[in-house]
Number of protein chains: 2
Amino acid sequence: MNIKEAAARSDLPPKTIRYYEEIGLIAPQRDLNGYRRFAEADLHRLTFLSRARALGFSIEECRTLLALWADRSRASADVKRLAQGHLTAIEAKIADLKAMHDTLSGLVAACAGDGRPDCPILHRLAPENETQRSNG
Amino acid sequence: MNIKEAAARSDLPPKTIRYYEEIGLIAPQRDLNGYRRFAEADLHRLTFLSRARALGFSIEECRTLLALWADRSRASADVKRLAQGHLTAIEAKIADLKAMHDTLSGLVAACAGDGRPDCPILHRLAPENETQRSNG
DNA sequence: CCTTGACCTTCCAGTTACGGGAACCCCTAT
DNA sequence: ATAGGGGTTCCCGTAACTGGAAGGTCAAGG
């Protein structure tokens with residue numbers, strides 16, 4: 001199949017597929033006219049990549065996962081370690097975002113949001129009031 | 001003060017401060033020797049930026065916030081709208097990350113993590129099993 | 001045979017918000 | 001004079017693509 005069908009079936013944009021070839025994640029054959037020809041095996045790799053990316057794995061993590069997937073003698077411990085590391089990173093990001101969210105939602109709630117200039121959000125950001133900070 | 005002290009007092013790296021000048025967020029004076037000279041007003045802007053960035057506002061949002069802060073006749077509604085938009089974006093990111101987290105933590109828990117090759121994580125990513133997917 | 005339109009190709013630039021490092025200048029103390 | 005610890009500019013690299021330009025290919029229609 002050509003790139004457009006591979007894109008549709010893997011749920012990845014053609015541009016992304018070309019990029020994945022460029023960085024060596026896939027290596028489809030070429031037709032005489034230069035068009036990429038995707039075999040089922042290529043499509044499987046693309047689908048694998050699509051799902052791994054959807055779970056937030058980085059490209060380099062995906063590269064490792066692909067290698068582990070291809071290695072019939074892999075240890076599941078290696079996969080688990082990688083996934084656990086990613087999971088921990090996700091948890092850290094969530095914690096960061098939740099802290100921002102808590103602070104910001106309080107400020108938004110406290111802001112009148114009318115035509116007057118007084119605003120607790122700006123007040124919180126302004127460096128005059130060093131004392132009443134609690135977070136940030 | 002010189003850049004190092006401004007950096008220490010605003011809790012921003014010198015590189016970041018130079019970058020902020022380059023993109024027009026600050027405009028410190030220069031000494032005859034070419035060194036940047038930071039007045040208190042510059043430091044206030046840097047501190048404001050430091051806090052806004054810590055709350056996750058993008059550079060362009062910070063630019064707007066600085067303008068609103070400087071505008072004594074602003075409407076708090078404008079600030080609130082911007083903050084609310086950012087808050088919504090944060091909530092969307094948290095939701096995405098939580099979805100990843102839920103899927104991934106289930107898979108990690110299900111993986112034996114021993115020397116055997118069988119692995120539910122890879123199984124979930126592999127495109128053979130189209131049916132038993134529940135989340136992607 | 002020619003054209004149109006939908007494909008495909010490569011290549012280059014831009015995105016976000018900086019960080020690293022080179023090459024070089026300035027200032028103070030010894 | 002020299003050593004060190006400032007400062008400066010400039011350029012490259014990051015992650016993972018996306019957009020767009022310039023141009024080749026292919027099937028269908030007139």
# chains A, B, ... in the order shown; residues from 1 in each chain; ligands from 1
$ interface_residues --of "chain C" --to "chain A" --cutoff "12 Å" --atoms "only C-alpha atoms (C1' of nucleotides)" --output "PDB file with N, CA and C atoms (P, O5', C5', C4', C3', O3' and C1' of nucleotides), in the first residue's frame"
ATOM      1  P    DA C   6      -8.448  17.050  -6.483  1.00  0.00           P
ATOM      2  O5'  DA C   6      -7.840  15.682  -5.958  1.00  0.00           O
ATOM      3  C5'  DA C   6      -8.308  14.460  -6.518  1.00  0.00           C
ATOM      4  C4'  DA C   6      -7.225  13.411  -6.391  1.00  0.00           C
ATOM      5  C3'  DA C   6      -6.555  13.386  -5.013  1.00  0.00           C
ATOM      6  O3'  DA C   6      -6.416  12.048  -4.575  1.00  0.00           O
ATOM      7  C1'  DA C   6      -4.928  13.580  -6.683  1.00  0.00           C
ATOM      8  P    DC C   7      -6.303  11.670  -3.018  1.00  0.00           P
ATOM      9  O5'  DC C   7      -4.990  10.779  -2.934  1.00  0.00           O
ATOM     10  C5'  DC C   7      -3.716  11.400  -2.894  1.00  0.00           C
ATOM     11  C4'  DC C   7      -2.793  10.670  -3.804  1.00  0.00           C
ATOM     12  C3'  DC C   7      -1.397  10.497  -3.222  1.00  0.00           C
ATOM     13  O3'  DC C   7      -1.301   9.263  -2.566  1.00  0.00           O
ATOM     14  C1'  DC C   7      -1.294  11.343  -5.457  1.00  0.00           C
ATOM     15  P    DC C   8      -0.297   9.177  -1.316  1.00  0.00           P
ATOM     16  O5'  DC C   8       1.139   9.487  -1.959  1.00  0.00           O
ATOM     17  C5'  DC C   8       1.787   8.491  -2.725  1.00  0.00           C
ATOM     18  C4'  DC C   8       2.994   9.076  -3.423  1.00  0.00           C
ATOM     19  C3'  DC C   8       4.069   9.651  -2.495  1.00  0.00           C
ATOM     20  O3'  DC C   8       4.968   8.651  -2.072  1.00  0.00           O
ATOM     21  C1'  DC C   8       3.706  11.051  -4.395  1.00  0.00           C
ATOM     22  P    DT C   9       5.998   9.041  -0.903  1.00  0.00           P
ATOM     23  O5'  DT C   9       7.027  10.023  -1.629  1.00  0.00           O
ATOM     24  C5'  DT C   9       7.885   9.519  -2.656  1.00  0.00           C
ATOM     25  C4'  DT C   9       8.796  10.609  -3.166  1.00  0.00           C
ATOM     26  C3'  DT C   9       9.595  11.332  -2.094  1.00  0.00           C
ATOM     27  O3'  DT C   9      10.770  10.612  -1.783  1.00  0.00           O
ATOM     28  C1'  DT C   9       8.700  12.885  -3.674  1.00  0.00           C
ATOM     29  P    DT C  10      11.570  10.958  -0.458  1.00  0.00           P
ATOM     30  O5'  DT C  10      12.256  12.354  -0.795  1.00  0.00           O
ATOM     31  C5'  DT C  10      13.163  12.459  -1.887  1.00  0.00           C
ATOM     32  C4'  DT C  10      13.598  13.905  -2.059  1.00  0.00           C
ATOM     33  C3'  DT C  10      14.372  14.459  -0.858  1.00  0.00           C
ATOM     34  O3'  DT C  10      15.581  15.063  -1.303  1.00  0.00           O
ATOM     35  C1'  DT C  10      12.505  15.859  -1.360  1.00  0.00           C
TER      36       DT C  10
END
$ closest_atom_pairs --of "chain D" --to "chain B" --cutoff "9 Å" --atoms "only C-alpha atoms (C1' of nucleotides)" --output "JSON lines"
{"residue": "D:DG6", "atom": "C1'", "partner": "B:Lys4", "partner_atom": "CA", "distance": 8.7}
{"residue": "D:DG7", "atom": "C1'", "partner": "B:Tyr35", "partner_atom": "CA", "distance": 6.2}
{"residue": "D:DT8", "atom": "C1'", "partner": "B:Gly34", "partner_atom": "CA", "distance": 7.3}
$ write_last_selection --atoms "C-alpha atoms (C1' of nucleotides)" --output "short mmCIF file (atom, residue, chain, number, x, y, z; two decimals), in the first residue's frame"
data_model
loop_
_atom_site.label_atom_id
_atom_site.label_comp_id
_atom_site.auth_asym_id
_atom_site.auth_seq_id
_atom_site.Cartn_x
_atom_site.Cartn_y
_atom_site.Cartn_z
"C1'" DG D 6 32.32 38.44 35.83
"C1'" DG D 7 30.17 39.98 31.29
"C1'" DT D 8 29.10 39.91 25.85
#
$ atom_distance --atom1 "CA of Ala41 in chain A" --atom2 "CA of His101 in chain B"
28.7 Å
$ interface_residues --of "chain A" --to "chain B" --cutoff "6 Å" --atoms "only C-alpha atoms" --output "VMD selection string"
chain A and resid 44 48 51 55 73 to 77 80 94 100 113 to 117 119 125 to 127
$ atom_distance --atom1 "C1' of DG20 in chain D" --atom2 "CA of Ala27 in chain A"
25.2 Å
$ calpha_fit_and_write --fixed "chain A" --moving "chain B" --output "JSON list (two decimals) with C-alpha atoms, in the first residue's frame"
[["chain", "number", "residue", "atom", "x", "y", "z"],
["B", 1, "MET", "CA", 0.06, -0.18, -0.04],
["B", 2, "ASN", "CA", 1.04, 3.48, -0.52],
["B", 3, "ILE", "CA", 1.62, 5.97, 2.23],
["B", 4, "LYS", "CA", -1.91, 7.30, 2.32],
["B", 5, "GLU", "CA", -3.42, 3.94, 3.06],
["B", 6, "ALA", "CA", -0.72, 3.16, 5.61],
["B", 7, "ALA", "CA", -1.53, 6.48, 7.22],
["B", 8, "ALA", "CA", -5.22, 5.74, 7.36],
["B", 9, "ARG", "CA", -4.71, 2.26, 8.76],
["B", 10, "SER", "CA", -2.13, 3.23, 11.37],
["B", 11, "ASP", "CA", -3.87, 6.45, 12.32],
["B", 12, "LEU", "CA", -0.73, 8.48, 11.69],
["B", 13, "PRO", "CA", -0.32, 11.41, 9.27],
["B", 14, "PRO", "CA", 1.79, 10.75, 6.16],
["B", 15, "LYS", "CA", 4.22, 13.41, 7.33],
["B", 16, "THR", "CA", 4.76, 11.52, 10.56],
["B", 17, "ILE", "CA", 5.35, 8.28, 8.70],
["B", 18, "ARG", "CA", 8.01, 9.92, 6.51],
["B", 19, "TYR", "CA", 9.58, 11.33, 9.63],
["B", 20, "TYR", "CA", 9.65, 7.90, 11.25],
["B", 21, "GLU", "CA", 11.42, 6.53, 8.23],
["B", 22, "GLU", "CA", 13.90, 9.40, 8.31],
["B", 23, "ILE", "CA", 14.86, 8.64, 11.92],
["B", 24, "GLY", "CA", 15.05, 4.95, 11.25],
["B", 25, "LEU", "CA", 11.95, 3.61, 13.00],
["B", 26, "ILE", "CA", 10.68, 1.99, 9.81],
["B", 27, "ALA", "CA", 12.25, 1.07, 6.47],
["B", 28, "PRO", "CA", 9.61, 0.41, 3.84],
["B", 29, "GLN", "CA", 10.57, -0.81, 0.38],
["B", 30, "ARG", "CA", 10.42, 1.51, -2.60],
["B", 31, "ASP", "CA", 8.66, 1.00, -5.89],
["B", 32, "LEU", "CA", 10.49, 1.70, -9.12],
["B", 33, "ASN", "CA", 8.89, 5.12, -9.24],
["B", 34, "GLY", "CA", 10.27, 5.96, -5.81],
["B", 35, "TYR", "CA", 6.99, 5.56, -3.95],
["B", 36, "ARG", "CA", 7.16, 3.92, -0.54],
["B", 37, "ARG", "CA", 5.58, 0.47, -0.50],
["B", 38, "PHE", "CA", 4.30, -0.59, 2.90],
["B", 39, "ALA", "CA", 4.10, -4.29, 3.68],
["B", 40, "GLU", "CA", 1.95, -5.64, 6.48],
["B", 41, "ALA", "CA", 5.00, -5.80, 8.73],
["B", 42, "ASP", "CA", 5.60, -2.09, 8.17],
["B", 43, "LEU", "CA", 2.00, -1.38, 9.02],
["B", 44, "HIS", "CA", 2.32, -3.39, 12.21],
["B", 45, "ARG", "CA", 5.30, -1.33, 13.27],
["B", 46, "LEU", "CA", 3.43, 1.88, 12.48],
["B", 47, "THR", "CA", 0.42, 0.77, 14.47],
["B", 48, "PHE", "CA", 2.65, -0.20, 17.36],
["B", 49, "LEU", "CA", 4.25, 3.24, 17.20],
["B", 50, "SER", "CA", 0.91, 4.95, 16.99],
["B", 51, "ARG", "CA", -0.30, 3.22, 20.14],
["B", 52, "ALA", "CA", 2.91, 3.72, 22.06],
["B", 53, "ARG", "CA", 2.93, 7.44, 21.18],
["B", 54, "ALA", "CA", -0.71, 7.67, 22.26],
["B", 55, "LEU", "CA", 0.41, 6.40, 25.67],
["B", 56, "GLY", "CA", 2.94, 9.22, 25.78],
["B", 57, "PHE", "CA", 6.14, 7.28, 25.22],
["B", 58, "SER", "CA", 8.86, 9.40, 23.64],
["B", 59, "ILE", "CA", 10.27, 8.52, 20.24],
["B", 60, "GLU", "CA", 13.39, 7.05, 21.82],
["B", 61, "GLU", "CA", 11.30, 5.00, 24.21],
["B", 62, "CYS", "CA", 9.29, 3.79, 21.25],
["B", 63, "ARG", "CA", 12.51, 2.78, 19.54],
["B", 64, "THR", "CA", 13.43, 0.68, 22.55],
["B", 65, "LEU", "CA", 9.94, -0.78, 22.80],
["B", 66, "LEU", "CA", 10.05, -1.78, 19.14],
["B", 67, "ALA", "CA", 13.37, -3.52, 19.71],
["B", 68, "LEU", "CA", 12.01, -5.35, 22.74],
["B", 69, "TRP", "CA", 8.92, -6.31, 20.82],
["B", 70, "ALA", "CA", 11.05, -7.75, 18.02],
["B", 71, "ASP", "CA", 13.27, -9.63, 20.47],
["B", 72, "ARG", "CA", 11.55, -12.91, 21.18],
["B", 73, "SER", "CA", 13.98, -13.57, 24.03],
["B", 74, "ARG", "CA", 13.38, -10.27, 25.82],
["B", 75, "ALA", "CA", 12.72, -10.16, 29.54],
["B", 76, "SER", "CA", 9.41, -8.61, 30.50],
["B", 77, "ALA", "CA", 11.35, -6.91, 33.29],
["B", 78, "ASP", "CA", 12.98, -4.66, 30.68],
["B", 79, "VAL", "CA", 9.64, -3.62, 29.27],
["B", 80, "LYS", "CA", 8.20, -3.10, 32.70],
["B", 81, "ARG", "CA", 11.13, -0.97, 33.81],
["B", 82, "LEU", "CA", 10.73, 1.31, 30.84],
["B", 83, "ALA", "CA", 6.98, 1.59, 31.30],
["B", 84, "GLN", "CA", 7.38, 2.20, 35.01],
["B", 85, "GLY", "CA", 9.82, 5.02, 34.32],
["B", 86, "HIS", "CA", 7.40, 6.62, 31.92],
["B", 87, "LEU", "CA", 4.59, 6.19, 34.40],
["B", 88, "THR", "CA", 6.61, 7.95, 37.06],
["B", 89, "ALA", "CA", 7.32, 10.81, 34.67],
["B", 90, "ILE", "CA", 3.60, 11.08, 33.94],
["B", 91, "GLU", "CA", 2.84, 11.19, 37.63],
["B", 92, "ALA", "CA", 5.36, 13.98, 38.11],
["B", 93, "LYS", "CA", 3.79, 15.98, 35.30],
["B", 94, "ILE", "CA", 0.32, 15.46, 36.72],
["B", 95, "ALA", "CA", 1.54, 16.62, 40.11],
["B", 96, "ASP", "CA", 3.06, 19.76, 38.57],
["B", 97, "LEU", "CA", -0.08, 20.52, 36.64],
["B", 98, "LYS", "CA", -2.29, 19.90, 39.65],
["B", 99, "ALA", "CA", -0.24, 22.33, 41.71],
["B", 100, "MET", "CA", -0.63, 24.94, 39.00],
["B", 101, "HIS", "CA", -4.29, 24.14, 38.72],
["B", 102, "ASP", "CA", -4.94, 24.48, 42.43],
["B", 103, "THR", "CA", -3.20, 27.83, 42.68],
["B", 104, "LEU", "CA", -4.70, 29.18, 39.50],
["B", 105, "SER", "CA", -8.25, 28.04, 40.11],
["B", 106, "GLY", "CA", -8.19, 29.76, 43.47],
["B", 107, "LEU", "CA", -7.01, 32.96, 41.88],
["B", 108, "VAL", "CA", -9.54, 32.78, 39.06],
["B", 109, "ALA", "CA", -12.32, 32.21, 41.55],
["B", 110, "ALA", "CA", -11.17, 35.20, 43.57],
["B", 111, "CYS", "CA", -11.08, 37.53, 40.57],
["B", 112, "ALA", "CA", -14.19, 39.62, 40.07],
["B", 113, "GLY", "CA", -13.77, 39.62, 36.32],
["B", 114, "ASP", "CA", -15.48, 42.93, 35.87],
["B", 115, "GLY", "CA", -14.42, 46.30, 34.53],
["B", 116, "ARG", "CA", -12.41, 47.31, 37.57],
["B", 117, "PRO", "CA", -8.61, 47.04, 37.54],
["B", 118, "ASP", "CA", -8.16, 45.36, 40.90],
["B", 119, "CYS", "CA", -7.21, 41.74, 40.32],
["B", 120, "PRO", "CA", -5.95, 39.07, 42.70],
["B", 121, "ILE", "CA", -4.26, 37.24, 39.83],
["B", 122, "LEU", "CA", -1.98, 40.15, 39.01],
["B", 123, "HIS", "CA", -1.58, 40.79, 42.69],
["B", 124, "ARG", "CA", -0.27, 37.28, 43.12],
["B", 125, "LEU", "CA", 2.23, 37.70, 40.30],
["B", 126, "ALA", "CA", 3.40, 41.17, 41.25],
["B", 127, "PRO", "CA", 6.62, 41.23, 43.26],
["B", 128, "GLU", "CA", 5.52, 43.82, 45.79],
["B", 129, "ASN", "CA", 3.73, 41.41, 48.09],
["B", 130, "GLU", "CA", 6.47, 39.05, 49.14],
["B", 131, "THR", "CA", 4.74, 37.89, 52.28],
["B", 132, "GLN", "CA", 1.32, 36.48, 51.46],
["B", 133, "ARG", "CA", 2.59, 33.97, 48.94],
["B", 134, "SER", "CA", 1.80, 30.37, 49.67],
["B", 135, "ASN", "CA", 2.67, 28.67, 46.42],
["B", 136, "GLY", "CA", 4.78, 29.52, 43.46]]
$ atom_distance --atom1 "C1' of DA21 in chain D" --atom2 "C1' of DG14 in chain C"
14.1 Å
$ residues_around --residues "DC11 in chain D" --least-positions-apart "4" --cutoff "12 Å" --atoms "only C-alpha atoms (C1' of nucleotides)" --output "PyMOL selection string"
chain C and resi 20-23
